[in-house]
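For reference, the structure is listed below as structure tokens.
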Amino acid sequence: MSWSDRTIWYPFTLADGNGWAFGAEDDLRSWMARFATVLKLDEGPADGKRKILFTQHPPSSPVWKYRDLRYLRVWSHAGWPGYLIQILRLQDQGSSIDYFRMRDTLSFLCTELLPSGALPLHAAFLSRKNDGVVIAAPGGTGKSTCAARAPPPWEGLGDDMAVIVRDTNGAYHAHPLPTWSDLTMRGHTEKTWDLRGNRPIRAVYFLEQADHDAAVPVGQGEAAVEITASAIQIIQLYLRHLDTPAARRFRADIFANASTLACRVPAFRLSATRHGRFWEEIERSMASCAEGRGTN
């Protein structure tokens, strides 16, 4: 099994320095182009990248092993530099299925990033003057509202999901991931998210609805538990398709990464009202963190 010289690749490099490239066999080229558009990826060389090739055909050699997801089958073997992801043919071939396959691909990618200290989070991703913050919360709590309401110079880069990676100096950066419900339920198929874009993360916030705006510091132990829960929310569908020992290993890796993140990045409980100025509480808490670092 090898890719063709005619394969069109869509490379990207994350803030941890690791490079990846998506590509597809000819019969999936239009699907791959749509996936690349969603992630704002451009065609380019894949030399030196870890490759993920989409196919509709399983490999014929018995050396290949696979993992089944709901809409995909992931093939690998030790002597092949990358992964094959087989697009399974299903009776239900509605337009949403294409986006579910994209979602499952990124969930798989997130699990591949775990050994380097990465974490997917169920969180809005905001930036201000190159400072990034993530606002984690379950669905329906107000992440999207926060991302939409924060005024300039705040910018909402994502309102539902982000992946946090650690660079070679130990600093954390966030990359936005798509809001899949926009694509599958609301029909906003024109929306895109820049997977290659990232910001350094200065703080993590755990959002809760309240009758006043406030940002209260959270201890490292509590933050680690909350971060773990947020990450599990993102890849729980993936974990359901693993055997129990494998799922347990992934959960252990997630908690270990969450604990390290909680030790290095300050965390806060963010109380937000529907019409308040929650971003001012974020700014105050970020300023207090900066002052604290300056006195150490």
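Each chain of the structure tokens is named A, B, ... in the order shown, its residues numbered from 1; ligands are numbered from 1 in display order.
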Mind checking which residues fall within 10 Å of region 261-268 of chain A, counting only C-alpha atoms, ignoring those fewer than 4 positions away in the same chain, and posting them as a PyMOL selection string? chain A and resi 117-119+133-135+164-166+170-172+201-207+214-227+255-257+282+285-286+289
Tell me which protein, DNA and RNA residues are within 10 Å of Arg240 (chain A), counting only C-alpha atoms, leaving out same-chain ones fewer than 4 positions away, and put them as a list in words.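 Listed by chain and then number, they are Leu69, Arg70, Ile235, Gln236, Thr244 and Ala247 of chain A.
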What does the file look like for those residues with all heavy atoms, as a PDB file, in the first residue's frame?
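Output contents, as saved in selection_36.pdb:
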ATOM      1  N   LEU A  69     -14.188   3.131  14.107  1.00  0.00           N
ATOM      2  CA  LEU A  69     -14.963   4.214  14.681  1.00  0.00           C
ATOM      3  C   LEU A  69     -16.356   4.125  14.064  1.00  0.00           C
ATOM      4  O   LEU A  69     -16.641   3.231  13.279  1.00  0.00           O
ATOM      5  CB  LEU A  69     -14.297   5.564  14.388  1.00  0.00           C
ATOM      6  CG  LEU A  69     -12.847   5.697  14.861  1.00  0.00           C
ATOM      7  CD1 LEU A  69     -12.326   7.091  14.574  1.00  0.00           C
ATOM      8  CD2 LEU A  69     -12.732   5.387  16.342  1.00  0.00           C
ATOM      9  N   ARG A  70     -17.210   5.059  14.394  1.00  0.00           N
ATOM     10  CA  ARG A  70     -18.576   4.933  13.918  1.00  0.00           C
ATOM     11  C   ARG A  70     -18.665   5.093  12.401  1.00  0.00           C
ATOM     12  O   ARG A  70     -19.371   4.350  11.729  1.00  0.00           O
ATOM     13  CB  ARG A  70     -19.469   5.982  14.597  1.00  0.00           C
ATOM     14  CG  ARG A  70     -20.945   5.834  14.223  1.00  0.00           C
ATOM     15  CD  ARG A  70     -21.815   6.741  15.040  1.00  0.00           C
ATOM     16  NE  ARG A  70     -23.212   6.573  14.706  1.00  0.00           N
ATOM     17  CZ  ARG A  70     -24.204   7.269  15.233  1.00  0.00           C
ATOM     18  NH1 ARG A  70     -23.937   8.195  16.138  1.00  0.00           N
ATOM     19  NH2 ARG A  70     -25.448   7.066  14.879  1.00  0.00           N
ATOM     20  N   ILE A 235     -13.768  13.581  23.201  1.00  0.00           N
ATOM     21  CA  ILE A 235     -13.418  12.317  22.556  1.00  0.00           C
ATOM     22  C   ILE A 235     -14.171  11.122  23.128  1.00  0.00           C
ATOM     23  O   ILE A 235     -13.804   9.983  22.868  1.00  0.00           O
ATOM     24  CB  ILE A 235     -11.898  12.062  22.632  1.00  0.00           C
ATOM     25  CG1 ILE A 235     -11.424  11.912  24.089  1.00  0.00           C
ATOM     26  CG2 ILE A 235     -11.124  13.149  21.926  1.00  0.00           C
ATOM     27  CD1 ILE A 235      -9.985  11.434  24.168  1.00  0.00           C
ATOM     28  N   GLN A 236     -15.266  11.369  23.857  1.00  0.00           N
ATOM     29  CA  GLN A 236     -15.980  10.245  24.448  1.00  0.00           C
ATOM     30  C   GLN A 236     -16.566   9.309  23.391  1.00  0.00           C
ATOM     31  O   GLN A 236     -16.600   8.083  23.589  1.00  0.00           O
ATOM     32  CB  GLN A 236     -17.080  10.750  25.381  1.00  0.00           C
ATOM     33  CG  GLN A 236     -18.138  11.614  24.740  1.00  0.00           C
ATOM     34  CD  GLN A 236     -19.131  12.137  25.767  1.00  0.00           C
ATOM     35  OE1 GLN A 236     -19.213  11.604  26.876  1.00  0.00           O
ATOM     36  NE2 GLN A 236     -19.870  13.174  25.420  1.00  0.00           N
ATOM     37  N   THR A 244     -11.744  -1.880  26.679  1.00  0.00           N
ATOM     38  CA  THR A 244     -11.633  -1.258  27.997  1.00  0.00           C
ATOM     39  C   THR A 244     -10.203  -0.888  28.372  1.00  0.00           C
ATOM     40  O   THR A 244      -9.956   0.229  28.858  1.00  0.00           O
ATOM     41  CB  THR A 244     -12.241  -2.178  29.067  1.00  0.00           C
ATOM     42  OG1 THR A 244     -13.632  -2.373  28.765  1.00  0.00           O
ATOM     43  CG2 THR A 244     -12.123  -1.556  30.455  1.00  0.00           C
ATOM     44  N   ALA A 247      -9.173   2.254  26.334  1.00  0.00           N
ATOM     45  CA  ALA A 247      -9.887   3.443  26.796  1.00  0.00           C
ATOM     46  C   ALA A 247      -9.344   3.912  28.140  1.00  0.00           C
ATOM     47  O   ALA A 247      -9.214   5.118  28.387  1.00  0.00           O
ATOM     48  CB  ALA A 247     -11.378   3.141  26.906  1.00  0.00           C
TER      49      ALA A 247
END
So that I can see what lies close to Ala33 (chain A), please list as a PyMOL selection string the residues with an atom at most 10 Å from it, counting only C-alpha atoms and leaving out residues fewer than 5 positions away in the same chain. chain A and resi 8-10+22-24+28+38-39+41-43
Per residue of region 43-109 of chain A within 9 Å of region 182-186 of chain A, note the shortest atom pair and the distance in Å to one decimal, counting only C-alpha atoms, and order the rows by chain and increasing residue number, as JSON lines.
{"residue": "A:Ser95", "atom": "CA", "partner": "A:Thr184", "partner_atom": "CA", "distance": 8.0}
{"residue": "A:Ser96", "atom": "CA", "partner": "A:Thr184", "partner_atom": "CA", "distance": 5.1}
{"residue": "A:Ile97", "atom": "CA", "partner": "A:Thr184", "partner_atom": "CA", "distance": 8.4}
{"residue": "A:Tyr99", "atom": "CA", "partner": "A:Thr184", "partner_atom": "CA", "distance": 6.8}
{"residue": "A:Phe100", "atom": "CA", "partner": "A:Thr184", "partner_atom": "CA", "distance": 8.1}
Based on the selection just made, write N, CA, C and O atoms of those residues as an mmCIF file, in the first residue's frame.
data_model
loop_
_atom_site.group_PDB
_atom_site.id
_atom_site.type_symbol
_atom_site.label_atom_id
_atom_site.label_comp_id
_atom_site.auth_asym_id
_atom_site.auth_seq_id
_atom_site.Cartn_x
_atom_site.Cartn_y
_atom_site.Cartn_z
ATOM 1 N N SER A 95 -25.833 14.342 3.865
ATOM 2 C CA SER A 95 -24.730 15.296 3.840
ATOM 3 C C SER A 95 -24.043 15.438 5.198
ATOM 4 O O SER A 95 -22.839 15.708 5.269
ATOM 5 N N SER A 96 -24.778 15.238 6.284
ATOM 6 C CA SER A 96 -24.172 15.371 7.614
ATOM 7 C C SER A 96 -23.126 14.304 7.874
ATOM 8 O O SER A 96 -22.190 14.515 8.653
ATOM 9 N N ILE A 97 -23.275 13.135 7.227
ATOM 10 C CA ILE A 97 -22.333 12.051 7.451
ATOM 11 C C ILE A 97 -20.916 12.478 7.076
ATOM 12 O O ILE A 97 -19.942 12.118 7.734
ATOM 13 N N TYR A 99 -19.582 15.378 7.428
ATOM 14 C CA TYR A 99 -19.024 16.167 8.522
ATOM 15 C C TYR A 99 -18.743 15.310 9.744
ATOM 16 O O TYR A 99 -17.773 15.562 10.478
ATOM 17 N N PHE A 100 -19.564 14.282 9.987
ATOM 18 C CA PHE A 100 -19.280 13.368 11.094
ATOM 19 C C PHE A 100 -17.955 12.640 10.858
ATOM 20 O O PHE A 100 -17.200 12.375 11.799
#
Run DSSP on the backbone and tell me which residues of region 7-215 of chain A come out as alpha helix (DSSP H); list them as a ChimeraX atom specification. /A:29-38,95-113,143-149,180-184
So which residues touch Asp131 (chain A) within 6 Å, counting only C-alpha atoms, skipping near sequence neighbours fewer than 3 positions away, as number ranges by chain? A: 127-128, 200
Residues of the last selection are to be written out with all heavy atoms, as a PDB file, in the first residue's frame.
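Below you can see selection_12.pdb, which holds the result:
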ATOM      1  N   SER A 127      -9.034  35.383  21.890  1.00  0.00           N
ATOM      2  CA  SER A 127      -7.704  35.984  21.958  1.00  0.00           C
ATOM      3  C   SER A 127      -7.816  37.493  22.060  1.00  0.00           C
ATOM      4  O   SER A 127      -8.801  38.098  21.638  1.00  0.00           O
ATOM      5  CB  SER A 127      -6.872  35.609  20.724  1.00  0.00           C
ATOM      6  OG  SER A 127      -7.340  36.293  19.577  1.00  0.00           O
ATOM      7  N   ARG A 128      -6.773  38.092  22.631  1.00  0.00           N
ATOM      8  CA  ARG A 128      -6.664  39.545  22.728  1.00  0.00           C
ATOM      9  C   ARG A 128      -5.186  39.906  22.700  1.00  0.00           C
ATOM     10  O   ARG A 128      -4.422  39.492  23.572  1.00  0.00           O
ATOM     11  CB  ARG A 128      -7.283  40.063  24.029  1.00  0.00           C
ATOM     12  CG  ARG A 128      -7.362  41.585  24.110  1.00  0.00           C
ATOM     13  CD  ARG A 128      -7.683  42.052  25.504  1.00  0.00           C
ATOM     14  NE  ARG A 128      -6.593  41.742  26.438  1.00  0.00           N
ATOM     15  CZ  ARG A 128      -6.342  42.426  27.550  1.00  0.00           C
ATOM     16  NH1 ARG A 128      -7.103  43.440  27.895  1.00  0.00           N
ATOM     17  NH2 ARG A 128      -5.347  42.077  28.343  1.00  0.00           N
ATOM     18  N   PRO A 200      -0.816  31.614  22.223  1.00  0.00           N
ATOM     19  CA  PRO A 200      -0.378  31.114  23.525  1.00  0.00           C
ATOM     20  C   PRO A 200      -1.493  31.272  24.556  1.00  0.00           C
ATOM     21  O   PRO A 200      -2.178  32.293  24.579  1.00  0.00           O
ATOM     22  CB  PRO A 200       0.828  31.997  23.866  1.00  0.00           C
ATOM     23  CG  PRO A 200       0.640  33.235  23.032  1.00  0.00           C
ATOM     24  CD  PRO A 200      -0.069  32.814  21.793  1.00  0.00           C
TER      25      PRO A 200
END
Surrounding residues of Cys146 (chain A) excluding itself and chain neighbours under 5 positions, 10 Å, only C-alpha atoms, as a PDB file with C-alpha atoms, in the first residue's frame:
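This went into out-v8.pdb:
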ATOM      1  CA  ALA A 124     -14.517  28.543  23.422  1.00  0.00           C
ATOM      2  CA  PHE A 125     -11.208  30.012  22.305  1.00  0.00           C
ATOM      3  CA  LEU A 126     -10.731  33.803  22.556  1.00  0.00           C
ATOM      4  CA  ILE A 135     -13.488  29.040  28.309  1.00  0.00           C
ATOM      5  CA  THR A 141     -23.763  26.813  29.153  1.00  0.00           C
ATOM      6  CA  PRO A 151     -15.841  43.149  21.971  1.00  0.00           C
ATOM      7  CA  GLY A 156     -13.467  34.679  19.057  1.00  0.00           C
ATOM      8  CA  ASP A 159     -16.809  28.788  20.187  1.00  0.00           C
ATOM      9  CA  LEU A 207     -17.795  28.892  32.752  1.00  0.00           C
ATOM     10  CA  ALA A 272     -21.046  35.264  33.641  1.00  0.00           C
ATOM     11  CA  THR A 273     -24.407  36.973  33.302  1.00  0.00           C
ATOM     12  CA  ARG A 274     -26.341  37.093  30.073  1.00  0.00           C
ATOM     13  CA  ARG A 277     -19.181  42.366  30.856  1.00  0.00           C
ATOM     14  CA  PHE A 278     -17.535  39.059  31.656  1.00  0.00           C
ATOM     15  CA  TRP A 279     -14.479  39.912  29.546  1.00  0.00           C
TER      16      TRP A 279
END
Excluding Tyr83 (chain A) and residues on its chain fewer than 2 positions from it, collect all residues at most 8 Å away from it, counting only C-alpha atoms, and give them as a PyMOL selection string. chain A and resi 51-53+74-76+80-81+85
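From CA of Ser271 (chain A) back to CA of Ala174 (chain A), the distance works out to 22.2 Å.
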For Asp26 (chain A): contacts at 12 Å, only C-alpha atoms, fewer than 5 positions along chain excluded, given as a list in words: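 Once the adjacent positions are removed, what remains is Trp3, Ser4, Asp5, Arg6, Thr7, Ile8, Trp9, Trp31, Met32, Ala33, Leu53, Phe54, Thr55, Gln56 and His57 of chain A.
Computed from the coordinates, the CA of Arg50 (chain A) to CA of Pro11 (chain A) distance equals 9.1 Å.
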Within region 29-263 of chain A, find each residue whose DSSP state, derived from the backbone, is strand (DSSP E), and express the selection as number ranges by chain. A: 50-55, 65-68, 72-76, 82-87, 119-121, 123-128, 131-136, 155-158, 161-166, 172-177, 199-209, 214-217
Point-to-point distance from CA of Pro152 (chain A) to CA of His275 (chain A), Å rounded to tenths: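 Spanning CA of Pro152 (chain A) to CA of His275 (chain A) is a straight-line distance of 16.5 Å.
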Nearest residue to Val163 (chain A) out of A:Leu239, A:Ala78, A:Ala290, A:Leu14, using only C-alpha atoms? A:Leu14
Pick from A:His188, A:Ala258, A:Asp213, A:Thr168: nearest to Gly17 (chain A), with only C-alpha atoms counted?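 Nearest to Gly17 (chain A): A:Thr168.
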So which one's closest to Gly48 (chain A), A:Arg269, A:Arg101, A:Gly82, A:Ala210? Using only C-alpha atoms, please.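 Residue with the minimum atom-to-atom distance to Gly48 (chain A): A:Gly82.
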